[in-house]
Each structure stands twice: as structure tokens, then as C-alpha cells.
>>> print(open('input-v2.csv').read())   # CSV, C-alpha atoms and all ligand atoms
chain,number,residue,atom,x,y,z
R,1,MET,CA,-71.9,2.2,-5.7
R,2,ILE,CA,-70.0,-0.1,-3.2
R,3,ASN,CA,-67.2,2.5,-3.3
R,4,LEU,CA,-69.7,5.3,-2.4
R,5,LEU,CA,-71.0,3.3,0.5
R,6,GLU,CA,-67.5,2.8,1.8
R,7,MET,CA,-66.9,6.5,1.3
R,8,ILE,CA,-69.9,7.3,3.5
R,9,ASN,CA,-68.8,4.9,6.1
R,10,LYS,CA,-65.3,6.4,6.2
R,11,ALA,CA,-66.7,9.9,6.5
R,12,LYS,CA,-68.8,8.8,9.4
R,13,THR,CA,-65.8,8.1,11.5
R,14,GLU,CA,-63.1,10.3,9.9
R,15,HIS,CA,-65.2,13.3,9.1
R,16,LYS,CA,-63.2,13.9,6.0
R,17,LEU,CA,-63.9,13.7,2.3
R,18,SER,CA,-62.0,15.0,-0.8
R,19,LYS,CA,-63.6,17.3,-3.3
R,20,GLN,CA,-63.8,14.5,-5.8
R,21,GLU,CA,-65.5,12.2,-3.2
R,22,ILE,CA,-68.1,14.9,-2.4
R,23,ILE,CA,-68.8,15.3,-6.1
R,24,SER,CA,-69.3,11.6,-6.6
R,25,LEU,CA,-71.7,11.5,-3.6
R,26,LEU,CA,-73.7,14.4,-4.9
R,27,ASN,CA,-73.8,13.0,-8.4
R,28,CYS,CA,-75.3,9.6,-7.5
R,29,ASN,CA,-78.9,9.4,-6.2
R,30,ASP,CA,-78.7,5.6,-5.5
R,31,ILE,CA,-77.0,6.2,-2.1
R,32,ASN,CA,-79.2,9.1,-0.8
R,33,GLN,CA,-80.9,7.1,1.9
R,34,GLU,CA,-77.6,5.7,3.2
R,35,LEU,CA,-76.1,9.2,3.2
R,36,PHE,CA,-79.1,10.6,5.1
R,37,ASN,CA,-78.9,7.7,7.6
R,38,ALA,CA,-75.2,8.2,8.1
R,39,ALA,CA,-75.7,12.0,8.8
R,40,ASP,CA,-78.5,11.1,11.2
R,41,GLU,CA,-76.2,8.7,13.1
R,42,VAL,CA,-73.4,11.3,13.3
R,43,ARG,CA,-76.0,13.9,14.5
R,44,LYS,CA,-77.2,11.6,17.3
R,45,LYS,CA,-73.7,10.7,18.4
R,46,PHE,CA,-72.4,14.3,18.6
R,47,VAL,CA,-75.3,16.6,19.3
R,48,SER,CA,-77.8,14.1,20.8
R,49,ASP,CA,-81.6,13.6,20.1
R,50,GLU,CA,-82.3,17.1,21.5
R,51,VAL,CA,-83.6,19.6,19.0
R,52,GLN,CA,-82.6,23.2,19.6
R,53,LEU,CA,-85.4,25.7,19.1
R,54,ARG,CA,-84.6,29.3,18.1
R,55,GLY,CA,-87.4,31.9,18.1
R,56,LEU,CA,-87.1,34.0,14.9
R,57,ILE,CA,-88.1,37.7,14.9
R,58,GLU,CA,-88.2,39.2,11.4
R,59,PHE,CA,-87.9,42.8,12.5
R,60,THR,CA,-87.7,44.7,9.1
R,61,ASN,CA,-88.3,43.7,5.5
R,62,ILE,CA,-86.6,46.8,4.2
R,63,CYS,CA,-83.3,46.3,2.5
R,64,LYS,CA,-80.8,48.5,0.8
R,65,ASN,CA,-79.4,45.6,-1.2
R,66,ASN,CA,-80.7,44.2,-4.4
R,67,CYS,CA,-79.9,40.5,-4.4
R,68,LEU,CA,-81.5,39.0,-7.5
R,69,TYR,CA,-83.1,36.0,-5.7
R,70,CYS,CA,-84.6,37.8,-2.7
R,71,GLY,CA,-88.1,39.3,-2.3
R,72,LEU,CA,-86.8,41.9,0.1
R,73,ARG,CA,-84.5,43.5,-2.6
R,74,ARG,CA,-84.8,47.2,-2.8
R,75,ASP,CA,-86.3,47.2,-6.3
R,76,ASN,CA,-89.2,45.0,-5.3
R,77,LYS,CA,-92.1,47.5,-5.2
R,78,ASN,CA,-94.7,44.8,-4.6
R,79,LEU,CA,-93.9,44.5,-0.9
R,80,VAL,CA,-95.8,46.1,1.9
R,81,LYS,CA,-92.8,47.4,3.9
R,82,TYR,CA,-92.6,47.3,7.7
R,83,ARG,CA,-90.3,48.0,10.6
R,84,LEU,CA,-90.9,46.8,14.1
R,85,THR,CA,-90.3,49.2,17.0
R,86,GLU,CA,-87.9,48.4,19.8
R,87,ASP,CA,-90.9,47.8,22.0
R,88,GLN,CA,-92.5,45.4,19.6
R,89,ILE,CA,-89.3,43.5,19.3
R,90,LEU,CA,-88.9,43.2,23.1
R,91,ASP,CA,-92.5,42.2,23.4
R,92,PHE,CA,-92.1,39.3,20.9
R,93,ALA,CA,-88.9,38.3,22.7
R,94,THR,CA,-90.6,38.3,26.1
R,95,LYS,CA,-93.5,36.2,24.8
R,96,ALA,CA,-91.0,33.8,23.1
R,97,LYS,CA,-89.4,33.3,26.5
R,98,THR,CA,-92.7,32.4,28.1
R,99,PHE,CA,-93.1,29.8,25.3
R,100,GLY,CA,-89.9,28.3,26.5
R,101,TYR,CA,-87.4,29.6,23.9
R,102,LYS,CA,-83.9,30.1,25.1
R,103,THR,CA,-82.6,31.8,22.0
R,104,ILE,CA,-83.8,34.7,19.8
R,105,VAL,CA,-82.7,35.2,16.2
R,106,LEU,CA,-83.1,38.7,15.1
R,107,GLN,CA,-83.2,38.8,11.3
R,108,GLY,CA,-83.9,41.5,8.8
R,109,GLY,CA,-83.0,43.2,5.6
R,110,GLU,CA,-80.0,45.6,5.6
R,111,ASP,CA,-81.9,48.5,6.9
R,112,ASP,CA,-79.9,51.6,7.9
R,113,TYR,CA,-82.8,53.0,9.9
R,114,TYR,CA,-81.6,50.6,12.6
R,115,THR,CA,-78.4,52.5,13.5
R,116,LYS,CA,-75.6,50.9,15.6
R,117,ASP,CA,-77.1,52.6,18.7
R,118,LYS,CA,-80.6,51.3,18.0
R,119,ILE,CA,-79.4,47.8,17.6
R,120,ILE,CA,-77.3,48.0,20.7
R,121,LYS,CA,-80.4,49.0,22.7
R,122,ILE,CA,-82.3,46.1,21.3
R,123,ILE,CA,-79.5,43.7,22.0
R,124,LYS,CA,-79.3,44.9,25.6
R,125,GLY,CA,-83.1,44.6,26.0
R,126,ILE,CA,-83.1,41.0,24.8
R,127,LYS,CA,-80.1,40.0,26.8
R,128,ALA,CA,-81.7,41.4,29.9
R,129,LEU,CA,-84.4,38.7,29.4
R,130,ASP,CA,-81.7,36.1,29.9
R,131,LEU,CA,-81.9,34.8,26.4
R,132,ALA,CA,-79.1,33.8,23.9
R,133,LEU,CA,-79.2,36.2,20.9
R,134,THR,CA,-78.3,35.5,17.3
R,135,LEU,CA,-78.1,38.5,14.9
R,136,SER,CA,-78.7,38.1,11.2
R,137,ILE,CA,-78.6,41.6,9.9
R,138,GLY,CA,-76.0,41.4,7.1
R,139,GLU,CA,-72.7,43.1,6.4
R,140,LYS,CA,-71.5,45.6,8.9
R,141,THR,CA,-68.1,47.1,9.8
R,142,TYR,CA,-65.7,45.6,12.3
R,143,ASP,CA,-66.5,48.3,14.7
R,144,GLU,CA,-70.2,47.7,14.5
R,145,TYR,CA,-69.8,43.9,14.9
R,146,LYS,CA,-67.6,44.7,17.9
R,147,ALA,CA,-70.2,47.0,19.5
R,148,PHE,CA,-72.8,44.3,19.0
R,149,ARG,CA,-70.6,41.7,20.6
R,150,ASP,CA,-69.8,44.0,23.5
R,151,ALA,CA,-73.5,44.7,24.0
R,152,GLY,CA,-74.0,40.9,24.5
R,153,ALA,CA,-74.9,39.4,21.1
R,154,ASP,CA,-73.8,35.7,21.1
R,155,ARG,CA,-74.1,34.5,17.6
R,156,TYR,CA,-74.2,35.9,14.0
R,157,LEU,CA,-75.7,34.4,10.9
R,158,LEU,CA,-74.3,35.5,7.5
R,159,ARG,CA,-74.6,33.1,4.7
R,160,ILE,CA,-71.9,33.2,2.1
R,161,GLU,CA,-74.8,32.3,-0.3
R,162,THR,CA,-72.4,30.5,-2.7
R,163,THR,CA,-68.6,30.2,-2.6
R,164,ASP,CA,-68.6,30.8,-6.4
R,165,LYS,CA,-67.4,34.4,-6.4
R,166,LYS,CA,-68.4,35.1,-10.0
R,167,LEU,CA,-71.9,33.7,-9.4
R,168,TYR,CA,-72.2,35.6,-6.1
R,169,GLU,CA,-71.3,38.9,-7.7
R,170,GLU,CA,-73.7,38.4,-10.5
R,171,LEU,CA,-76.6,37.6,-8.2
R,172,ASP,CA,-75.7,40.3,-5.6
R,173,PRO,CA,-75.1,43.4,-7.6
R,174,GLY,CA,-72.9,45.9,-5.9
R,175,MET,CA,-71.8,43.5,-3.3
R,176,SER,CA,-68.3,41.9,-3.1
R,177,HIS,CA,-67.5,38.3,-2.2
R,178,GLU,CA,-64.3,39.4,-0.5
R,179,THR,CA,-66.2,41.8,1.8
R,180,ARG,CA,-68.6,39.0,2.8
R,181,LEU,CA,-65.6,36.7,3.6
R,182,ASN,CA,-64.0,39.4,5.5
R,183,CYS,CA,-67.2,39.9,7.6
R,184,LEU,CA,-67.2,36.2,8.5
R,185,LYS,CA,-63.5,36.5,9.5
R,186,ASN,CA,-64.2,39.5,11.7
R,187,LEU,CA,-67.2,37.8,13.3
R,188,LYS,CA,-65.0,34.8,14.2
R,189,LYS,CA,-62.3,37.0,15.5
R,190,LEU,CA,-64.8,38.8,17.8
R,191,GLY,CA,-65.8,35.5,19.4
R,192,PHE,CA,-69.3,35.2,18.0
R,193,GLU,CA,-70.6,31.7,17.3
R,194,VAL,CA,-70.7,32.1,13.5
R,195,GLY,CA,-73.2,30.7,11.1
R,196,THR,CA,-73.0,30.7,7.4
R,197,GLY,CA,-74.5,28.7,4.6
R,198,VAL,CA,-75.7,28.6,1.0
R,199,MET,CA,-78.7,28.3,-1.1
R,200,VAL,CA,-78.9,25.2,-3.4
R,201,GLY,CA,-80.3,25.4,-6.9
R,202,LEU,CA,-79.3,28.9,-7.9
R,203,PRO,CA,-79.1,29.4,-11.7
R,204,ASN,CA,-75.7,28.2,-13.0
R,205,GLN,CA,-74.7,26.7,-9.6
R,206,THR,CA,-72.9,23.4,-10.1
R,207,ILE,CA,-72.2,20.2,-8.2
R,208,GLU,CA,-68.6,21.2,-8.1
R,209,SER,CA,-69.5,24.5,-6.5
R,210,TYR,CA,-71.5,22.6,-3.8
R,211,ALA,CA,-68.4,20.6,-3.1
R,212,ASP,CA,-66.4,23.8,-2.7
R,213,ASP,CA,-69.2,25.2,-0.4
R,214,ILE,CA,-68.9,22.2,1.9
R,215,LEU,CA,-65.1,22.3,2.0
R,216,PHE,CA,-65.3,26.0,2.8
R,217,PHE,CA,-67.6,25.3,5.7
R,218,LYS,CA,-65.0,22.9,7.1
R,219,LYS,CA,-62.2,25.3,6.4
R,220,ILE,CA,-63.6,28.2,8.3
R,221,ASP,CA,-65.0,25.8,11.0
R,222,ALA,CA,-68.4,27.4,11.0
R,223,ASP,CA,-70.4,26.9,14.2
R,224,MET,CA,-73.8,26.9,12.5
R,225,LEU,CA,-74.8,26.1,8.9
R,226,GLY,CA,-78.0,27.0,7.2
R,227,ILE,CA,-78.5,25.2,3.9
R,228,GLY,CA,-81.7,25.8,2.0
R,229,PRO,CA,-83.2,25.3,-1.5
R,230,PHE,CA,-83.4,28.5,-3.6
R,231,ILE,CA,-87.1,29.1,-4.3
R,232,PRO,CA,-87.8,31.5,-7.1
R,233,ASN,CA,-89.8,34.6,-6.2
R,234,GLU,CA,-92.0,36.0,-8.9
R,235,ASP,CA,-91.3,39.6,-7.8
R,236,THR,CA,-87.6,39.2,-8.6
R,237,PRO,CA,-85.5,39.0,-11.8
R,238,LEU,CA,-85.1,35.2,-11.1
R,239,ALA,CA,-88.9,34.6,-11.3
R,240,ASN,CA,-88.4,32.0,-14.0
R,241,ALA,CA,-85.4,30.2,-12.6
R,242,LYS,CA,-85.9,26.6,-11.6
R,243,GLY,CA,-84.6,26.1,-8.1
R,244,ARG,CA,-86.7,24.1,-5.7
R,245,ASP,CA,-84.2,21.3,-5.3
R,246,LEU,CA,-85.1,19.8,-1.9
R,247,THR,CA,-83.1,16.5,-2.5
R,248,MET,CA,-79.9,18.3,-3.4
R,249,SER,CA,-80.3,20.6,-0.4
R,250,LEU,CA,-80.7,17.7,1.9
R,251,LYS,CA,-77.7,16.0,0.4
R,252,VAL,CA,-75.4,19.0,0.8
R,253,MET,CA,-76.7,19.3,4.4
R,254,ALA,CA,-76.1,15.7,5.1
R,255,ILE,CA,-72.5,15.7,3.8
R,256,THR,CA,-71.9,18.9,5.9
R,257,ARG,CA,-73.0,17.0,9.0
R,258,LEU,CA,-70.6,14.2,8.2
R,259,LEU,CA,-67.7,16.6,7.9
R,260,LEU,CA,-68.6,19.0,10.8
R,261,PRO,CA,-70.1,16.5,13.3
R,262,ASP,CA,-70.7,18.8,16.4
R,263,ILE,CA,-72.1,22.0,14.9
R,264,ASN,CA,-75.7,23.3,14.9
R,265,ILE,CA,-77.5,22.7,11.6
R,266,PRO,CA,-81.1,24.0,11.2
R,267,ALA,CA,-83.8,22.3,9.3
R,268,THR,CA,-84.6,25.3,7.2
R,269,THR,CA,-88.0,26.9,6.6
R,270,ALA,CA,-87.4,26.9,2.9
R,271,MET,CA,-87.2,23.1,3.0
R,272,GLU,CA,-90.6,22.9,4.7
R,273,SER,CA,-92.0,25.3,2.1
R,274,LEU,CA,-91.2,22.7,-0.6
R,275,ASN,CA,-92.5,19.7,1.3
R,276,LYS,CA,-94.9,19.6,4.2
R,277,ASN,CA,-92.5,17.2,6.0
R,278,GLY,CA,-89.3,19.1,4.8
R,279,ARG,CA,-88.1,20.0,8.3
R,280,LEU,CA,-88.7,16.5,9.7
R,281,MET,CA,-86.8,15.0,6.7
R,282,ALA,CA,-84.0,17.4,7.4
R,283,LEU,CA,-84.0,16.5,11.2
R,284,GLN,CA,-83.6,12.9,10.1
R,285,SER,CA,-80.7,13.7,7.7
R,286,GLY,CA,-78.3,15.6,9.9
R,287,ALA,CA,-80.2,18.7,11.2
R,288,ASN,CA,-80.7,19.4,14.9
R,289,VAL,CA,-82.1,22.9,15.0
R,290,VAL,CA,-85.5,24.5,14.1
R,291,MET,CA,-86.2,28.2,14.0
R,292,PRO,CA,-89.9,28.8,14.5
R,293,ASN,CA,-91.3,32.2,13.8
R,294,VAL,CA,-92.2,34.3,16.9
R,295,THR,CA,-93.1,37.4,14.9
R,296,GLU,CA,-96.8,38.2,15.4
R,297,GLY,CA,-99.6,39.4,13.1
R,298,GLU,CA,-99.4,40.5,9.5
R,299,TYR,CA,-95.6,41.0,9.5
R,300,ARG,CA,-94.6,37.4,8.7
R,301,LYS,CA,-96.6,37.5,5.5
R,302,HIS,CA,-94.7,40.6,4.4
R,303,TYR,CA,-91.3,39.1,5.2
R,304,ALA,CA,-91.5,37.5,1.8
R,305,LEU,CA,-88.0,36.2,0.9
R,306,TYR,CA,-89.6,33.6,-1.3
R,307,PRO,CA,-93.1,32.4,-2.1
R,308,GLY,CA,-95.0,29.6,-0.3
R,309,LYS,CA,-93.4,30.5,3.1
R,310,ILE,CA,-95.0,28.3,5.7
R,311,CYS,CA,-97.1,29.2,8.7
R,312,THR,CA,-97.6,32.9,7.7
R,313,GLY,CA,-101.1,32.8,9.2
R,314,ASP,CA,-100.2,31.1,12.4
R,315,THR,CA,-99.5,32.5,15.9
R,316,PRO,CA,-96.3,31.9,17.8
R,317,ALA,CA,-98.2,29.9,20.4
R,318,HIS,CA,-99.6,27.6,17.6
R,319,CYS,CA,-96.1,27.2,16.0
R,320,ARG,CA,-94.5,26.2,19.4
R,321,THR,CA,-97.1,23.5,20.0
R,322,CYS,CA,-97.1,22.3,16.3
R,323,ILE,CA,-93.3,22.0,16.1
R,324,THR,CA,-93.0,20.2,19.5
R,325,GLY,CA,-95.6,17.7,18.3
R,326,LYS,CA,-93.7,17.1,15.1
R,327,ILE,CA,-90.3,16.7,16.9
R,328,ASN,CA,-91.8,14.3,19.4
R,329,SER,CA,-93.4,12.3,16.6
R,330,ILE,CA,-90.0,11.3,15.3
R,331,GLY,CA,-88.8,10.3,18.8
R,332,ARG,CA,-86.8,13.5,19.5
R,333,THR,CA,-87.1,16.0,22.3
R,334,VAL,CA,-87.0,19.8,22.6
R,335,SER,CA,-83.8,21.0,24.3
R,336,THR,CA,-84.1,23.2,27.4
R,337,HIS,CA,-80.6,24.6,27.0
R,338,TYR,CA,-79.2,27.7,25.2
R,339,GLY,CA,-77.8,25.4,22.6
R,340,PHE,CA,-74.3,26.6,22.1
R,341,ARG,CA,-72.0,24.5,20.0
R,342,GLY,CA,-70.7,21.5,21.9
R,343,ASN,CA,-73.7,20.9,24.2
R,344,GLY,CA,-73.8,17.4,22.8
R,345,PRO,CA,-73.2,14.1,24.7
R,346,THR,CA,-69.6,13.8,23.7
R,347,LYS,CA,-68.5,17.2,25.0
V,401,LIG,N1,-80.3,40.4,5.0
V,401,LIG,C1,-79.7,39.4,5.7
V,401,LIG,C2,-80.6,38.4,6.3
V,401,LIG,C3,-82.0,38.2,5.6
V,401,LIG,S1,-82.0,37.2,4.2
V,401,LIG,C4,-78.7,38.7,4.8
V,401,LIG,O1,-78.8,38.7,3.6
V,401,LIG,O2,-77.8,38.0,5.4
V,401,LIG,C5,-81.8,35.6,4.9
V,401,LIG,C6,-81.5,34.5,3.9
V,401,LIG,O3,-82.6,34.2,3.0
V,401,LIG,C7,-80.4,34.9,2.8
V,401,LIG,O4,-79.1,34.7,3.4
V,401,LIG,C8,-80.7,33.9,1.7
V,401,LIG,O5,-79.8,32.8,1.7
V,401,LIG,C9,-82.1,33.5,1.9
V,401,LIG,N2,-83.0,33.7,0.8
V,401,LIG,C10,-83.2,34.9,0.2
V,401,LIG,N3,-84.0,34.8,-0.9
V,401,LIG,C11,-84.3,33.4,-1.0
V,401,LIG,C12,-85.0,32.6,-2.0
V,401,LIG,N4,-85.6,33.2,-3.0
V,401,LIG,N5,-85.1,31.3,-1.8
V,401,LIG,C13,-84.5,30.7,-0.7
V,401,LIG,N6,-83.7,31.4,0.2
V,401,LIG,C14,-83.6,32.8,0.1
V,402,LIG,FE1,-81.3,42.1,1.5
V,402,LIG,FE2,-80.5,39.8,2.6
V,402,LIG,FE3,-82.5,39.8,0.7
V,402,LIG,FE4,-80.0,40.4,0.0
V,402,LIG,S1,-80.8,38.4,0.8
V,402,LIG,S2,-81.8,41.5,-0.6
V,402,LIG,S3,-79.2,41.4,1.7
V,402,LIG,S4,-82.6,40.7,2.8
>>> encode(input="input-v2.csv", output="C-alpha cells", more="lines below")
Ligand code: SAH
Ligand code: SF4
Amino acid sequence: MINLLEMINKAKTEHKLSKQEIISLLNCNDINQELFNAADEVRKKFVSDEVQLRGLIEFTNICKNNCLYCGLRRDNKNLVKYRLTEDQILDFATKAKTFGYKTIVLQGGEDDYYTKDKIIKIIKGIKALDLALTLSIGEKTYDEYKAFRDAGADRYLLRIETTDKKLYEELDPGMSHETRLNCLKNLKKLGFEVGTGVMVGLPNQTIESYADDILFFKKIDADMLGIGPFIPNEDTPLANAKGRDLTMSLKVMAITRLLLPDINIPATTAMESLNKNGRLMALQSGANVVMPNVTEGEYRKHYALYPGKICTGDTPAHCRTCITGKINSIGRTVSTHYGFRGNGPTK
């Protein structure tokens, strides 16, 4: 235990841990609070008390892929499908701007209806509003990524989901781990701020594999990292899996903050879905970003990646006020900047 506390202290200043050290920290639950406090200190020192808000638009729940864990998978017939029009997307982005958001995250299933040209038009429309733009629309070719970058997209989120190749390929039938890695490489090369991340608590995922995940984040020097608990969805083949491991998700996130001190780490919606204070817990354990939903109406209910998704009945205006209140309640403020990596006090 003393050893583990020393390890945490060392990581706080050196931002380095070996695989074995990470495994020891993940295996012991007696040091969790110390670990969370250390990640909180590093977060404060490198990216300040400001919380970056990103307005999330979930623009399509149609997906050609069949990931075993995800409610948007193509074989799920219990989903009311929708696609937003370009006008609807721009309308939500415009409103988000009036609520004070400086970044839009455009996320959806891998839906070929949105061709390269359609996405380019949407990117240009959002960029004309003077907002930073993050895309999260899955695996595309180098040329498509380049066209999106040229059109003005700033950031791209593509979770590796797990660095365990065998597990990934079992859970994502027809998809290749190598292709996903290659996408991340291409995105970096094109100058996007690149976000990746994993789910925690997938069937057969191990502590050792979480350690590999964290070291992978460090190796590729990800700019953003989304780490969230896997929440089983009853409309998927993993309906009876266990998942729902909030504590382990927070621990993986906290160690990630120790090793990558200046990056942007969201308090994920999945964390809040397991505990009504999940996002505040995350913000006090290394996270510095929240991504409130700015999609309006019935759509958010139908964007059902997992069950128990929060705030599906709320309006964007309500979410903005609610999250600001929560952030202020723990002594933090909402940033008024675009929130690129390195906006913190030490840079
Ligand atoms: N289609 C895109 C983006 C939408 S999915 C893509 O796959 O990259 C966004 C994220 O939701 C996925 O990366 C995955 O990590 C997460 N997700 C999907 N199903 C989930 C579940 N049952 N529990 C928790 N997170 C889930
Ligand atoms: Fe599609 Fe993404 Fe869900 Fe996989 S995780 S089924 S790619 S939306």
C-alpha cells in the first residue's frame, strides 16, 4: 500500500508508470481516493479549473456496422431510425452557439447516406458559425478524412474501444483492429486533434488489457480521451453481460490523466448514467470536459447506444443551465475558449 502511494506520487510529477505498476494500481481498491485526488491535482495544474463544454449533436442513429455492444448496430430492429437534415443540424449548432458553446461535436452511426460531399457541406456550415468542430463518424478513408480536414473540421473522435485485438474483432464483427489503428494514424497525420478511448467492463476484458489501453494512449499521444463504462443494452447480443463498472472506469481515467497531464478528458455521459453524480465524480478525478447534448426533441431518446441514457427528456437550454450549476457547485467554472489542447495555465 505504501508502495502504491509512492507510485501515485511519482506519477504525479514524472507522468510515467510501467505496465506492472498500472496493474497494481488497478488491482488495489484501498488507494482509489488517493489516485482520484492525484489526478485531480494534475488536472488543475495542467488544464486549470475551467471545464470545457462541447455541444453534442447526434445526427443519425443509422449504422452499417454491427458492434455487439451497441444499440445502433444494424441488426437492432427495435430502434426508431432517424437522420437529421443539414438544416436541422445547422439549426441545432446555431442554437448551441447562442447558449455559449464554442465547440460542436457531430456524432453518429456509420451511415453512408451522409456522403463525403454532404459532410463537407455540413462542416462548412458549422465552421461559418465560428465554432470549433469535432467529428465522430467512424472509419473513413484517408481521402475522406483529408477532405473533412480541408473543409475545416478541427478534431476527430474515434475510440479504439479496446486495445485487445482479439476481443475487438470478436465484438466488432467484420471490422479490423488494424484498420482502426490506421484511421487514428491518418487523423494524426492530417493534423486533427485526435481523440480515442475505450469502454471499461466489456466481457473478457482484463486489468492487463486496461494497462495496455493506457500505455497505448500515451504512445500515440492522444489529444482527447473518452473512457466510459460499458452498459449492456437489452437489444443487443450482450444484453446479459455485466458491465456497469463505474469505479474501474474512473480509475482507468484517473491513471490516464496522470500519464497525459495536458490533454482533454471528458466526464462521459455513460458515467452519469450509472450514478447521478457520475460526471461530477469524473470531473474531480481527472476529467475537464463535459459534452452536453444539444440535439432537440425526440431524437435523443432514439440515439440509444445503451439504456438509462441521461437527460433524454430535457431541452438543450435546460442542459446548459443544469450542467453549469453542477460545475459551479464543485468550485469550477465554464470555459469561454475553444478548448484546444494546451489552453491550460502552464502553456
Ligand atoms: N459510430 C461512431 C460513433 C458513435 S458510437 C463510432 O463507433 O466511432 C460512440 C461510442 O459509444 C463508441 O465508440 C462506444 O465506445 C460507445 N458505446 C457504444 N455502445 C455502448 C454501450 N453499450 N455502453 C457504453 N458505451 C457504448
Ligand atoms: Fe455503429 Fe459506432 Fe455503434 Fe459500432 S459503436 S454499431 S460503429 S454506432
>>> residues_near_ligand(input="input-v2.csv", ligand="ligand LIG 402 (chain V)", cutoff="10 Å", atoms="all atoms listed in the file", output="PyMOL selection string")
chain R and resi 60-76+107-111+136-139+158-159+161+171-173+175+303-306
>>> atom_distance(input="input-v2.csv", atom1="CA of Pro261 (chain R)", atom2="CA of Phe148 (chain R)")
28.5 Å
>>> axis_aligned_box(input="input-v2.csv", around="region 267-273 of chain R", padding_each_side="4 Å", output="AutoDock Vina command-line options")
--center_x -87.9 --center_y 24.6 --center_z 5.7 --size_x 16.2 --size_y 12.6 --size_z 15.2
>>> residues_around(input="input-v2.csv", residues="Asn27 (chain R)", least_positions_apart="6", cutoff="12 Å", atoms="all atoms listed in the file", output="number ranges by chain")
R: 1, 4, 20-21, 206-208, 210-211, 247-248, 251-252
>>> closest_residue(input="input-v2.csv", among="R:Leu17, R:Leu225, R:Cys28, R:Met7", to="ligand LIG 401 (chain V)", atoms="all atoms listed in the file")
R:Leu225
>>> atom_distance(input="input-v2.csv", atom1="CA of Gly339 (chain R)", atom2="CA of Lys97 (chain R)")
14.6 Å
>>> atom_distance(input="input-v2.csv", atom1="CA of Ala270 (chain R)", atom2="atom O2 of ligand LIG 401 (chain V)")
14.9 Å
>>> closest_residue(input="input-v2.csv", among="R:Lys309, R:Lys188, R:Lys12, R:Lys219", to="ligand LIG 401 (chain V)", atoms="all atoms listed in the file")
R:Lys309
>>> closest_residue(input="input-v2.csv", among="R:Ile160, R:Ile227, R:Ile323, R:Ala132", to="Met291 (chain R)", atoms="only C-alpha atoms")
R:Ile323
>>> residues_near_point(input="input-v2.csv", point="(-82.2, 19.3, 14.0)", cutoff="10 Å", atoms="all atoms listed in the file", output="VMD selection string")
chain R and resid 40 43 to 44 47 to 53 264 to 268 279 to 291 327 332 334
>>> closest_residue(input="input-v2.csv", among="R:Met224, R:Ala241, R:Val80, R:Leu187", to="Leu202 (chain R)", atoms="all atoms listed in the file")
R:Ala241
>>> residues_around(input="input-v2.csv", residues="Pro232 (chain R)", least_positions_apart="4", cutoff="8 Å", atoms="all atoms listed in the file", output="short mmCIF file (atom, residue, chain, number, x, y, z; two decimals) with C-alpha atoms, in the frame of the given file")
data_model
loop_
_atom_site.label_atom_id
_atom_site.label_comp_id
_atom_site.auth_asym_id
_atom_site.auth_seq_id
_atom_site.Cartn_x
_atom_site.Cartn_y
_atom_site.Cartn_z
CA TYR R 69 -83.10 36.00 -5.70
CA THR R 236 -87.60 39.20 -8.60
CA LEU R 238 -85.10 35.20 -11.10
CA ALA R 239 -88.90 34.60 -11.30
CA ASN R 240 -88.40 32.00 -14.00
CA ALA R 241 -85.40 30.20 -12.60
CA LYS R 242 -85.90 26.60 -11.60
CA GLY R 243 -84.60 26.10 -8.10
CA ARG R 244 -86.70 24.10 -5.70
CA TYR R 306 -89.60 33.60 -1.30
CA PRO R 307 -93.10 32.40 -2.10
#
>>> residues_around(input="input-v2.csv", residues="Lys301 (chain R)", least_positions_apart="5", cutoff="10 Å", atoms="all atoms listed in the file", output="list in words")
Leu79, Val80, Glu296, Pro307, Gly308, Lys309, Ile310, Cys311, Thr312 and Gly313 of chain R
>>> closest_residue(input="input-v2.csv", among="R:Pro237, R:Gly278, R:Pro292, R:Gly331", to="ligand LIG 401 (chain V)", atoms="all atoms listed in the file")
R:Pro237
>>> closest_residue(input="input-v2.csv", among="R:Thr196, R:Asn328, R:Asn78, R:Ser18", to="ligand LIG 401 (chain V)", atoms="all atoms listed in the file")
R:Thr196
>>> decode(input="input-v2.csv", residues="region 260-271 of chain R", atoms="N, CA, C and O atoms", output="short mmCIF file (atom, residue, chain, number, x, y, z; two decimals), in the first residue's frame")
data_model
loop_
_atom_site.label_atom_id
_atom_site.label_comp_id
_atom_site.auth_asym_id
_atom_site.auth_seq_id
_atom_site.Cartn_x
_atom_site.Cartn_y
_atom_site.Cartn_z
N LEU R 260 -0.98 11.54 -19.03
CA LEU R 260 -1.13 12.52 -20.13
C LEU R 260 -1.72 13.80 -19.51
O LEU R 260 -2.91 14.08 -19.62
N PRO R 261 -0.86 14.57 -18.84
CA PRO R 261 -1.37 15.64 -17.96
C PRO R 261 -2.11 16.77 -18.66
O PRO R 261 -2.98 17.38 -18.06
N ASP R 262 -1.79 17.06 -19.93
CA ASP R 262 -2.35 18.29 -20.53
C ASP R 262 -3.45 18.04 -21.56
O ASP R 262 -3.81 18.94 -22.30
N ILE R 263 -3.97 16.83 -21.60
CA ILE R 263 -4.97 16.54 -22.65
C ILE R 263 -6.39 16.86 -22.16
O ILE R 263 -6.61 17.17 -20.99
N ASN R 264 -7.35 16.77 -23.06
CA ASN R 264 -8.75 16.96 -22.71
C ASN R 264 -9.42 15.62 -22.47
O ASN R 264 -9.39 14.73 -23.32
N ILE R 265 -10.02 15.50 -21.29
CA ILE R 265 -10.66 14.23 -20.89
C ILE R 265 -12.11 14.51 -20.49
O ILE R 265 -12.36 15.24 -19.53
N PRO R 266 -13.06 13.95 -21.22
CA PRO R 266 -14.46 14.20 -20.85
C PRO R 266 -14.93 13.34 -19.68
O PRO R 266 -14.50 12.19 -19.52
N ALA R 267 -15.81 13.94 -18.89
CA ALA R 267 -16.60 13.17 -17.93
C ALA R 267 -17.72 12.59 -18.77
O ALA R 267 -18.56 13.33 -19.28
N THR R 268 -17.71 11.28 -19.00
CA THR R 268 -18.59 10.74 -20.04
C THR R 268 -20.03 10.58 -19.56
O THR R 268 -20.30 10.37 -18.38
N THR R 269 -20.93 10.68 -20.54
CA THR R 269 -22.36 10.54 -20.26
C THR R 269 -22.66 9.17 -19.66
O THR R 269 -23.51 9.04 -18.78
N ALA R 270 -21.93 8.15 -20.14
CA ALA R 270 -22.18 6.79 -19.61
C ALA R 270 -21.90 6.75 -18.10
O ALA R 270 -22.56 6.02 -17.36
N MET R 271 -20.94 7.54 -17.63
CA MET R 271 -20.65 7.57 -16.18
C MET R 271 -21.84 8.12 -15.42
O MET R 271 -22.22 7.62 -14.37
#
